[in-house]
file entry.cif (mmCIF, C-alpha atoms, pLDDT in the B column; chains and numbers go by the auth columns)
data_my_file
#
loop_
_atom_site.group_PDB
_atom_site.id
_atom_site.type_symbol
_atom_site.label_atom_id
_atom_site.label_comp_id
_atom_site.label_asym_id
_atom_site.label_seq_id
_atom_site.Cartn_x
_atom_site.Cartn_y
_atom_site.Cartn_z
_atom_site.B_iso_or_equiv
_atom_site.auth_seq_id
_atom_site.auth_asym_id
ATOM 1 C CA MET A 1 102.194 -46.046 -18.869 29.00 1 A
ATOM 2 C CA LYS A 2 104.667 -43.230 -19.257 28.00 2 A
ATOM 3 C CA HIS A 3 103.608 -39.742 -20.161 32.00 3 A
ATOM 4 C CA ALA A 4 105.681 -37.328 -22.195 33.00 4 A
ATOM 5 C CA ASP A 5 106.780 -34.104 -20.583 37.00 5 A
ATOM 6 C CA THR A 6 104.500 -31.468 -22.077 37.00 6 A
ATOM 7 C CA GLN A 7 106.009 -28.453 -20.399 45.00 7 A
ATOM 8 C CA ALA A 8 107.245 -25.678 -22.641 43.00 8 A
ATOM 9 C CA ARG A 9 110.924 -24.969 -23.033 47.00 9 A
ATOM 10 C CA PRO A 10 112.113 -21.604 -21.769 53.00 10 A
ATOM 11 C CA GLY A 11 110.885 -18.896 -24.113 54.00 11 A
ATOM 12 C CA GLU A 12 108.139 -21.079 -25.643 53.00 12 A
ATOM 13 C CA THR A 13 104.460 -20.895 -24.882 52.00 13 A
ATOM 14 C CA THR A 14 101.880 -23.641 -25.053 54.00 14 A
ATOM 15 C CA PRO A 15 98.169 -23.149 -25.282 68.00 15 A
ATOM 16 C CA GLU A 16 96.093 -24.046 -22.256 81.00 16 A
ATOM 17 C CA ILE A 17 94.639 -27.534 -22.632 82.00 17 A
ATOM 18 C CA PRO A 18 90.974 -27.303 -21.685 89.00 18 A
ATOM 19 C CA THR A 19 89.528 -29.665 -19.140 92.00 19 A
ATOM 20 C CA VAL A 20 85.965 -30.866 -19.128 94.00 20 A
ATOM 21 C CA GLU A 21 83.674 -32.037 -16.388 95.00 21 A
ATOM 22 C CA VAL A 22 81.298 -34.789 -17.460 96.00 22 A
ATOM 23 C CA THR A 23 79.016 -37.387 -15.967 97.00 23 A
ATOM 24 C CA LEU A 24 79.539 -40.811 -17.472 98.00 24 A
ATOM 25 C CA ASN A 25 76.892 -43.482 -16.893 98.00 25 A
ATOM 26 C CA VAL A 26 78.885 -46.693 -16.763 98.00 26 A
ATOM 27 C CA ASN A 27 77.468 -50.108 -15.908 97.00 27 A
ATOM 28 C CA GLY A 28 74.432 -48.545 -14.261 97.00 28 A
ATOM 29 C CA ASP A 29 76.309 -46.021 -12.117 97.00 29 A
ATOM 30 C CA ALA A 30 76.886 -42.306 -12.735 97.00 30 A
ATOM 31 C CA TYR A 31 80.407 -40.933 -12.316 97.00 31 A
ATOM 32 C CA ARG A 32 81.285 -37.231 -12.273 97.00 32 A
ATOM 33 C CA LEU A 33 84.748 -36.831 -13.765 96.00 33 A
ATOM 34 C CA ARG A 34 87.070 -34.006 -14.701 95.00 34 A
ATOM 35 C CA PHE A 35 89.814 -34.566 -17.240 94.00 35 A
ATOM 36 C CA ASP A 36 91.664 -33.220 -20.259 93.00 36 A
ATOM 37 C CA SER A 37 89.183 -32.694 -23.107 94.00 37 A
ATOM 38 C CA ARG A 38 91.260 -35.016 -25.318 95.00 38 A
ATOM 39 C CA VAL A 39 90.834 -38.081 -23.080 97.00 39 A
ATOM 40 C CA THR A 40 89.402 -41.057 -24.929 97.00 40 A
ATOM 41 C CA LEU A 41 86.568 -43.112 -23.535 98.00 41 A
ATOM 42 C CA LEU A 42 88.991 -46.028 -23.195 98.00 42 A
ATOM 43 C CA ASP A 43 91.401 -43.975 -21.091 97.00 43 A
ATOM 44 C CA ALA A 44 88.566 -42.553 -18.976 97.00 44 A
ATOM 45 C CA LEU A 45 87.345 -46.091 -18.240 98.00 45 A
ATOM 46 C CA ARG A 46 90.785 -47.522 -17.541 97.00 46 A
ATOM 47 C CA ASP A 47 92.634 -44.616 -15.912 96.00 47 A
ATOM 48 C CA HIS A 48 89.858 -42.694 -14.166 96.00 48 A
ATOM 49 C CA LEU A 49 87.352 -45.437 -13.272 97.00 49 A
ATOM 50 C CA VAL A 50 89.816 -48.358 -13.023 97.00 50 A
ATOM 51 C CA LEU A 51 87.634 -50.527 -15.266 98.00 51 A
ATOM 52 C CA THR A 52 90.405 -52.410 -17.031 97.00 52 A
ATOM 53 C CA GLY A 53 88.379 -54.979 -18.977 97.00 53 A
ATOM 54 C CA ALA A 54 88.528 -52.983 -22.211 97.00 54 A
ATOM 55 C CA LYS A 55 92.101 -53.277 -23.461 97.00 55 A
ATOM 56 C CA LYS A 56 94.354 -50.852 -25.267 96.00 56 A
ATOM 57 C CA GLY A 57 95.496 -52.847 -28.272 93.00 57 A
ATOM 58 C CA CYS A 58 96.277 -50.936 -31.445 92.00 58 A
ATOM 59 C CA ASP A 59 94.984 -47.533 -30.252 93.00 59 A
ATOM 60 C CA GLN A 60 93.777 -47.025 -33.848 94.00 60 A
ATOM 61 C CA GLY A 61 90.348 -48.676 -33.811 93.00 61 A
ATOM 62 C CA ALA A 62 91.478 -51.683 -35.840 94.00 62 A
ATOM 63 C CA CYS A 63 91.749 -54.553 -33.338 95.00 63 A
ATOM 64 C CA GLY A 64 88.536 -54.284 -31.287 96.00 64 A
ATOM 65 C CA ALA A 65 90.204 -55.030 -27.930 96.00 65 A
ATOM 66 C CA CYS A 66 88.651 -51.832 -26.526 98.00 66 A
ATOM 67 C CA THR A 67 85.066 -52.583 -27.607 98.00 67 A
ATOM 68 C CA VAL A 68 82.339 -51.372 -25.247 98.00 68 A
ATOM 69 C CA LEU A 69 78.629 -50.808 -25.710 98.00 69 A
ATOM 70 C CA VAL A 70 77.125 -47.324 -25.820 98.00 70 A
ATOM 71 C CA ASP A 71 73.338 -47.253 -25.765 98.00 71 A
ATOM 72 C CA GLY A 72 73.450 -50.933 -26.763 96.00 72 A
ATOM 73 C CA LYS A 73 75.682 -50.417 -29.804 97.00 73 A
ATOM 74 C CA ARG A 74 79.305 -51.488 -29.964 96.00 74 A
ATOM 75 C CA ILE A 75 82.043 -48.932 -30.397 97.00 75 A
ATOM 76 C CA VAL A 76 85.825 -48.960 -30.257 97.00 76 A
ATOM 77 C CA SER A 77 86.457 -46.792 -27.236 98.00 77 A
ATOM 78 C CA CYS A 78 90.037 -45.868 -28.196 98.00 78 A
ATOM 79 C CA LEU A 79 88.687 -43.583 -30.944 97.00 79 A
ATOM 80 C CA ALA A 80 85.878 -42.008 -28.909 97.00 80 A
ATOM 81 C CA LEU A 81 86.363 -38.818 -26.910 97.00 81 A
ATOM 82 C CA ALA A 82 84.963 -39.444 -23.436 98.00 82 A
ATOM 83 C CA ALA A 83 83.271 -36.042 -23.243 97.00 83 A
ATOM 84 C CA GLN A 84 81.037 -36.978 -26.189 97.00 84 A
ATOM 85 C CA TYR A 85 79.400 -39.744 -24.177 98.00 85 A
ATOM 86 C CA GLU A 86 78.014 -37.709 -21.311 96.00 86 A
ATOM 87 C CA GLY A 87 74.544 -38.943 -20.380 94.00 87 A
ATOM 88 C CA ARG A 88 74.761 -42.036 -22.592 98.00 88 A
ATOM 89 C CA GLU A 89 74.577 -45.583 -21.255 98.00 89 A
ATOM 90 C CA ILE A 90 78.036 -47.186 -21.383 98.00 90 A
ATOM 91 C CA THR A 91 78.473 -50.897 -20.691 98.00 91 A
ATOM 92 C CA THR A 92 81.851 -52.546 -20.228 98.00 92 A
ATOM 93 C CA VAL A 93 82.592 -56.245 -19.833 98.00 93 A
ATOM 94 C CA GLU A 94 82.573 -55.676 -16.065 97.00 94 A
ATOM 95 C CA GLY A 95 78.920 -54.601 -16.327 97.00 95 A
ATOM 96 C CA LEU A 96 77.643 -57.722 -18.078 97.00 96 A
ATOM 97 C CA SER A 97 77.339 -59.976 -15.049 93.00 97 A
ATOM 98 C CA ASP A 98 74.061 -60.077 -13.153 90.00 98 A
ATOM 99 C CA ASN A 99 74.379 -60.318 -9.357 90.00 99 A
ATOM 100 C CA GLY A 100 77.763 -62.002 -9.716 90.00 100 A
ATOM 101 C CA GLU A 101 76.541 -64.479 -12.314 95.00 101 A
ATOM 102 C CA PRO A 102 78.351 -64.282 -15.644 96.00 102 A
ATOM 103 C CA HIS A 103 76.442 -63.151 -18.703 97.00 103 A
ATOM 104 C CA PRO A 104 75.485 -66.120 -20.933 97.00 104 A
ATOM 105 C CA MET A 105 78.100 -64.994 -23.469 97.00 105 A
ATOM 106 C CA GLN A 106 80.819 -64.894 -20.806 97.00 106 A
ATOM 107 C CA ALA A 107 79.801 -68.382 -19.663 97.00 107 A
ATOM 108 C CA ALA A 108 79.803 -69.693 -23.239 97.00 108 A
ATOM 109 C CA PHE A 109 83.272 -68.249 -23.892 96.00 109 A
ATOM 110 C CA ALA A 110 84.569 -70.017 -20.770 96.00 110 A
ATOM 111 C CA ARG A 111 82.764 -73.281 -21.584 96.00 111 A
ATOM 112 C CA ARG A 112 84.054 -73.283 -25.185 96.00 112 A
ATOM 113 C CA ASP A 113 87.581 -72.113 -24.249 94.00 113 A
ATOM 114 C CA ALA A 114 87.055 -69.216 -26.669 94.00 114 A
ATOM 115 C CA PHE A 115 90.247 -67.472 -25.607 88.00 115 A
ATOM 116 C CA GLN A 116 93.895 -68.321 -25.432 84.00 116 A
ATOM 117 C CA CYS A 117 95.938 -65.431 -24.125 88.00 117 A
ATOM 118 C CA GLY A 118 92.688 -63.651 -23.185 89.00 118 A
ATOM 119 C CA TYR A 119 93.770 -60.148 -24.171 92.00 119 A
ATOM 120 C CA CYS A 120 91.099 -59.731 -26.846 93.00 120 A
ATOM 121 C CA THR A 121 88.423 -61.640 -24.916 95.00 121 A
ATOM 122 C CA PRO A 122 86.597 -58.670 -23.312 96.00 122 A
ATOM 123 C CA GLY A 123 86.259 -56.921 -26.678 96.00 123 A
ATOM 124 C CA GLN A 124 85.227 -60.167 -28.366 96.00 124 A
ATOM 125 C CA ILE A 125 82.556 -60.769 -25.712 97.00 125 A
ATOM 126 C CA MET A 126 81.196 -57.230 -25.999 98.00 126 A
ATOM 127 C CA SER A 127 80.960 -57.525 -29.790 97.00 127 A
ATOM 128 C CA ALA A 128 79.399 -60.970 -29.511 97.00 128 A
ATOM 129 C CA VAL A 129 76.738 -59.713 -27.072 97.00 129 A
ATOM 130 C CA CYS A 130 75.826 -56.964 -29.509 95.00 130 A
ATOM 131 C CA LEU A 131 75.963 -59.307 -32.513 94.00 131 A
ATOM 132 C CA GLU A 132 73.515 -61.672 -30.825 95.00 132 A
ATOM 133 C CA ALA A 133 71.196 -58.789 -29.882 95.00 133 A
ATOM 134 C CA GLU A 134 71.285 -57.534 -33.482 93.00 134 A
ATOM 135 C CA GLY A 135 70.189 -60.975 -34.735 93.00 135 A
ATOM 136 C CA ARG A 136 73.156 -61.202 -37.085 90.00 136 A
ATOM 137 C CA ALA A 137 74.596 -64.503 -35.881 91.00 137 A
ATOM 138 C CA GLY A 138 72.717 -66.827 -38.224 89.00 138 A
ATOM 139 C CA THR A 139 75.652 -68.686 -39.735 93.00 139 A
ATOM 140 C CA ASP A 140 79.380 -69.063 -39.171 93.00 140 A
ATOM 141 C CA GLU A 141 79.897 -66.772 -42.154 95.00 141 A
ATOM 142 C CA ASP A 142 77.645 -64.125 -40.586 95.00 142 A
ATOM 143 C CA ILE A 143 79.486 -64.403 -37.278 95.00 143 A
ATOM 144 C CA SER A 144 82.869 -64.110 -38.999 94.00 144 A
ATOM 145 C CA GLU A 145 81.725 -61.109 -41.015 94.00 145 A
ATOM 146 C CA PHE A 146 80.153 -59.176 -38.161 94.00 146 A
ATOM 147 C CA MET A 147 82.973 -60.011 -35.725 94.00 147 A
ATOM 148 C CA SER A 148 85.682 -59.053 -38.240 93.00 148 A
ATOM 149 C CA GLY A 149 86.476 -55.857 -36.333 92.00 149 A
ATOM 150 C CA ASN A 150 87.731 -57.932 -33.415 92.00 150 A
ATOM 151 C CA ILE A 151 91.111 -59.502 -34.018 91.00 151 A
ATOM 152 C CA CYS A 152 92.396 -62.528 -32.085 89.00 152 A
ATOM 153 C CA ARG A 153 96.087 -63.011 -32.655 87.00 153 A
ATOM 154 C CA CYS A 154 95.996 -66.389 -30.879 88.00 154 A
ATOM 155 C CA GLY A 155 93.552 -67.767 -33.444 87.00 155 A
ATOM 156 C CA ALA A 156 90.689 -68.812 -31.149 90.00 156 A
ATOM 157 C CA TYR A 157 88.161 -67.998 -33.884 93.00 157 A
ATOM 158 C CA PRO A 158 86.549 -71.486 -34.130 94.00 158 A
ATOM 159 C CA ASN A 159 85.871 -71.511 -30.390 95.00 159 A
ATOM 160 C CA ILE A 160 84.624 -67.920 -30.447 95.00 160 A
ATOM 161 C CA ARG A 161 82.145 -68.811 -33.202 96.00 161 A
ATOM 162 C CA ALA A 162 81.066 -71.917 -31.251 96.00 162 A
ATOM 163 C CA ALA A 163 80.464 -69.858 -28.091 96.00 163 A
ATOM 164 C CA ILE A 164 78.347 -67.352 -30.027 96.00 164 A
ATOM 165 C CA ARG A 165 76.376 -70.161 -31.678 95.00 165 A
ATOM 166 C CA ASP A 166 75.710 -71.676 -28.230 96.00 166 A
ATOM 167 C CA VAL A 167 74.219 -68.448 -26.897 96.00 167 A
ATOM 168 C CA VAL A 168 72.154 -67.866 -30.044 95.00 168 A
ATOM 169 C CA SER A 169 70.778 -71.430 -29.957 93.00 169 A
ATOM 170 C CA GLU A 170 69.964 -71.149 -26.236 90.00 170 A
ATOM 171 C CA GLY A 171 67.896 -68.061 -27.025 78.00 171 A
#
call {"tool": "encode", "arguments": {"input": "entry.cif", "output": "structure tokens"}}
result
Amino acid sequence: MKHADTQARPGETTPEIPTVEVTLNVNGDAYRLRFDSRVTLLDALRDHLVLTGAKKGCDQGACGACTVLVDGKRIVSCLALAAQYEGREITTVEGLSDNGEPHPMQAAFARRDAFQCGYCTPGQIMSAVCLEAEGRAGTDEDISEFMSGNICRCGAYPNIRAAIRDVVSEG
């Protein structure tokens, strides 16, 4: 990723960009970080913690590729300022496995081939985990409605729905 040169031209002044120091609780571990106060949660996860499961898709909150869980609720991390999540429990797709065993939703996605290019898969899985926990996966229509914030450009929707149904039926 390239960064624009933000230095002032001769004779111009720029305001000081404040930095913040926060502790982020990610996947069960606490991390003390210092960064520009404008850093999004997505960029903090990817650039500062090297947790690259959440993807930068649209960077506008429309595609869902950056979905993570905060206190058990799904959010699009590209629209969230990292500093706002100090002390909250953040879970990324990397934090779903248990002692190296994939989460049931991860296993169902693999079993059902619920991905093609795979770019949206981490966000889809995070939303699906939350959807199942919310008890909103009763029908294919429910799944489609409550997963509508996660876009798959490859069109793996039937397999995604099947994977979610598998996990819901397995309890």
call {"tool": "resolve_selection", "arguments": {"input": "entry.cif", "expression": "the PyMOL selection byres ((chain A and resi 60) around 7)", "output": "PyMOL selection string"}}
result
chain A and resi 58-59+61-62+78-79
call {"tool": "write_last_selection", "arguments": {"input": "entry.cif", "atoms": "C-alpha atoms", "output": "compact mmCIF listing (two decimals), keeping the file's coordinate frame"}}
result
# COMPACT_ATOMS: atom_id res chain seq x y z
CA CYS A 58 96.28 -50.94 -31.44
CA ASP A 59 94.98 -47.53 -30.25
CA GLY A 61 90.35 -48.68 -33.81
CA ALA A 62 91.48 -51.68 -35.84
CA CYS A 78 90.04 -45.87 -28.20
CA LEU A 79 88.69 -43.58 -30.94
call {"tool": "closest_residue", "arguments": {"input": "entry.cif", "among": "A:Ala133, A:Val20, A:Val70, A:Cys63", "to": "A:Leu33", "atoms": "only C-alpha atoms"}}
result
A:Val20
call {"tool": "closest_residue", "arguments": {"input": "entry.cif", "among": "A:Leu51, A:Val93, A:Ala137, A:Leu45", "to": "A:Arg165", "atoms": "all atoms listed in the file"}}
result
A:Ala137
call {"tool": "atom_distance", "arguments": {"input": "entry.cif", "atom1": "atom CA of A:Glu21", "atom2": "atom CA of A:Thr91"}}
result
20.0 Å
call {"tool": "closest_residue", "arguments": {"input": "entry.cif", "among": "A:Ser37, A:Ser169, A:Asn150, A:Asn99", "to": "A:Gly64", "atoms": "all atoms listed in the file"}}
result
A:Asn150
call {"tool": "resolve_selection", "arguments": {"input": "entry.cif", "expression": "the PyMOL selection byres ((chain A and resi 52) around 12)", "output": "VMD selection string"}}
result
chain A and resid 41 to 51 53 to 56 65 to 68 92 to 95 119 122 to 123
call {"tool": "residues_around", "arguments": {"input": "entry.cif", "residues": "A:Cys117", "least_positions_apart": "2", "cutoff": "12 Å", "atoms": "all atoms listed in the file", "output": "PyMOL selection string"}}
result
chain A and resi 113-115+119-122+152-156
call {"tool": "atom_distance", "arguments": {"input": "entry.cif", "atom1": "atom CA of A:Asn159", "atom2": "atom CA of A:His103"}}
result
17.2 Å
call {"tool": "resolve_selection", "arguments": {"input": "entry.cif", "expression": "the PyMOL selection byres ((chain A and resi 17) around 8)", "output": "PyMOL selection string"}}
result
chain A and resi 15-16+18-19+36-37
call {"tool": "closest_residue", "arguments": {"input": "entry.cif", "among": "A:Val167, A:Gly28, A:Pro104, A:Tyr157", "to": "A:Gly135", "atoms": "only C-alpha atoms"}}
result
A:Val167
call {"tool": "axis_aligned_box", "arguments": {"input": "entry.cif", "around": "stretch 107-124 of chain A", "padding_each_side": "6 Å", "output": "AutoDock Vina command-line options"}}
result
--center_x 87.9 --center_y -65.1 --center_z -24.0 --size_x 28.1 --size_y 28.4 --size_z 20.7
call {"tool": "atom_distance", "arguments": {"input": "entry.cif", "atom1": "atom CA of A:Arg74", "atom2": "atom CA of A:Pro102"}}
result
19.2 Å
